[in-house]
Amino acid sequence: MLNRQTLDKLSAMKLIGMAQAFADQINQPDLDRLSFEERFGLLVDRQWTWKENNRMERYLKNARMKLNACVEDLDYKTPRGIDQSVVMSLISCDWVKRRHNVIITGPTGAGKTFLACALTNKACREGYRSFYIRAPKFSYQMTMARGDGSYGKTINKLAKTHVLVIDDLGLAPMTDAERRDLLEVIEERHGHASTIVTSQLPVDHWHQQIGDPTIADAILDRLIHNAHKINLSMKGGSLRKKYAGLT
């Protein structure tokens with residue numbers, strides 16, 4: 001009876017991991033040989049693990065990544081210009097701690113989105129809040145936010161995200177509103193958070209695609225000066241079929 005009450009109280013306090021561990025201890029009489037401190041330590045460890053796993057799952061869900069990609073699944077054998085040493089350094093997530101950016105360029109099918117999602121997945125697993133969005137949808141949502149009065153709230157949300165992924169930047173020349181929205185977000189994040197940008201265009205062509213020289217200079221200065229650059233190629237053929245099952 002007392003054990004049942006204890007389990008109910010642990011659940012009511014949302015100490016789910018501890019409740020599960022306590023139930024396991026009840027069903028394992030051999031744990032009686034452990035001291036109180038050892039058994040209590042096991043309860044705390046289980047609660048800590050449950051909380052961390054729950055947070056990681058929440059971060060992964062909220063990131064809304066296009067692909068269920070993991071760094072463990074990255075293909076280094078297919079010749080596409082990927083430098084394994086560079087990617088391995090990024091896997092540590094030190095770039096997130098240092099508020100650095102990552103720029104991934106290359107033709108369609110080279111694996112830009114997969115790599116971006118894989119790095120974002122790792123960031124979520126390391127405890128960083130992340131968010132993925134394609135550039136066209138980013139422009140659409142910013143327009144909608146301006147129209148419904150939630151522009152400031154949206155900017156604030158994006159500014160506080162540890163890792164923001166903007167996929168397929170520069171598919172079409174930017175309008176004045178689009179480049180100003182992009183600058184606003186990049187400015188708010190500069191020096192405070194990390195941004196991953198993927199594009200089919202080489203970085204040298206971004207200035208022209210953004211349009212306004214002054215705004216283009218401001219965006220590129222904030223994105224590029226502390227960015228890790230990865231330029232993928234299609235030497236090994238398109239990777240879309242290989243990663244199709246991970247959507």
# chains A, B, ... in the order shown; residues from 1 in each chain; ligands from 1

call {"tool": "residues_around", "arguments": {"residues": "segment 5-14 of chain A", "least_positions_apart": "2", "cutoff": "12 Å", "atoms": "only C-alpha atoms", "output": "number ranges by chain"}}
result
A: 1-3, 16-26, 43, 47, 50-51

call {"tool": "residues_around", "arguments": {"residues": "segment 82-87 of chain A", "least_positions_apart": "5", "cutoff": "12 Å", "atoms": "only C-alpha atoms", "output": "count of residues only"}}
result
31

call {"tool": "select_by_dssp", "arguments": {"residues": "segment 166-219 of chain A", "states": "strand (DSSP E or B)", "output": "PyMOL selection string"}}
result
chain A and resi 166-167+194-199

call {"tool": "write_last_selection", "arguments": {"atoms": "C-alpha atoms", "output": "mmCIF file, in the first residue's frame"}}
result
data_model
loop_
_atom_site.group_PDB
_atom_site.id
_atom_site.type_symbol
_atom_site.label_atom_id
_atom_site.label_comp_id
_atom_site.auth_asym_id
_atom_site.auth_seq_id
_atom_site.Cartn_x
_atom_site.Cartn_y
_atom_site.Cartn_z
ATOM 1 C CA ILE A 166 17.452 27.990 -43.850
ATOM 2 C CA ASP A 167 17.365 25.474 -46.690
ATOM 3 C CA SER A 194 24.189 29.596 -35.120
ATOM 4 C CA THR A 195 22.657 29.445 -38.574
ATOM 5 C CA ILE A 196 22.950 26.741 -41.228
ATOM 6 C CA VAL A 197 22.288 27.924 -44.783
ATOM 7 C CA THR A 198 22.129 25.660 -47.825
ATOM 8 C CA SER A 199 22.059 26.898 -51.402
#

call {"tool": "residues_around", "arguments": {"residues": "Arg55 of chain A", "least_positions_apart": "4", "cutoff": "12 Å", "atoms": "only C-alpha atoms", "output": "ChimeraX atom specification"}}
result
/A:48-51,59-62,124-129

call {"tool": "closest_residue", "arguments": {"among": "A:Met56, A:Met142, A:Lys137, A:Asp45", "to": "Lys157 of chain A", "atoms": "only C-alpha atoms"}}
result
A:Met142

call {"tool": "residues_around", "arguments": {"residues": "Arg180 of chain A", "least_positions_apart": "3", "cutoff": "10 Å", "atoms": "only C-alpha atoms", "output": "ChimeraX atom specification"}}
result
/A:174-177,183-186,210,212,215-216,219

call {"tool": "write_last_selection", "arguments": {"atoms": "C-alpha atoms", "output": "mmCIF file, in the first residue's frame"}}
result
data_model
loop_
_atom_site.group_PDB
_atom_site.id
_atom_site.type_symbol
_atom_site.label_atom_id
_atom_site.label_comp_id
_atom_site.auth_asym_id
_atom_site.auth_seq_id
_atom_site.Cartn_x
_atom_site.Cartn_y
_atom_site.Cartn_z
ATOM 1 C CA MET A 174 14.720 38.276 -53.531
ATOM 2 C CA THR A 175 12.102 40.975 -53.256
ATOM 3 C CA ASP A 176 12.778 43.990 -51.082
ATOM 4 C CA ALA A 177 10.615 42.589 -48.275
ATOM 5 C CA LEU A 183 18.561 40.695 -42.656
ATOM 6 C CA GLU A 184 16.347 41.252 -39.614
ATOM 7 C CA VAL A 185 16.596 37.604 -38.563
ATOM 8 C CA ILE A 186 20.318 37.307 -39.309
ATOM 9 C CA ILE A 210 19.870 39.160 -52.719
ATOM 10 C CA ASP A 212 20.206 45.476 -52.854
ATOM 11 C CA ILE A 215 21.526 44.833 -47.570
ATOM 12 C CA ALA A 216 23.461 42.074 -49.345
ATOM 13 C CA ILE A 219 23.657 39.815 -44.670
#

call {"tool": "closest_residue", "arguments": {"among": "A:Lys66, A:Arg80, A:Lys97, A:His190", "to": "His225 of chain A", "atoms": "only C-alpha atoms"}}
result
A:His190

call {"tool": "atom_distance", "arguments": {"atom1": "atom CA of Val203 of chain A", "atom2": "atom CA of Asn101 of chain A"}}
result
13.6 Å

call {"tool": "select_by_dssp", "arguments": {"residues": "segment 75-187 of chain A", "states": "helix (DSSP H, G or I)", "output": "ChimeraX atom specification"}}
result
/A:84-91,94-97,112-125,135-148,151-160,176-187

call {"tool": "closest_residue", "arguments": {"among": "A:Tyr132, A:Thr108, A:Thr78, A:Glu188", "to": "Ile155 of chain A", "atoms": "only C-alpha atoms"}}
result
A:Glu188

call {"tool": "closest_residue", "arguments": {"among": "A:His100, A:Arg179, A:Lys153, A:Arg64", "to": "Pro213 of chain A", "atoms": "only C-alpha atoms"}}
result
A:Arg179
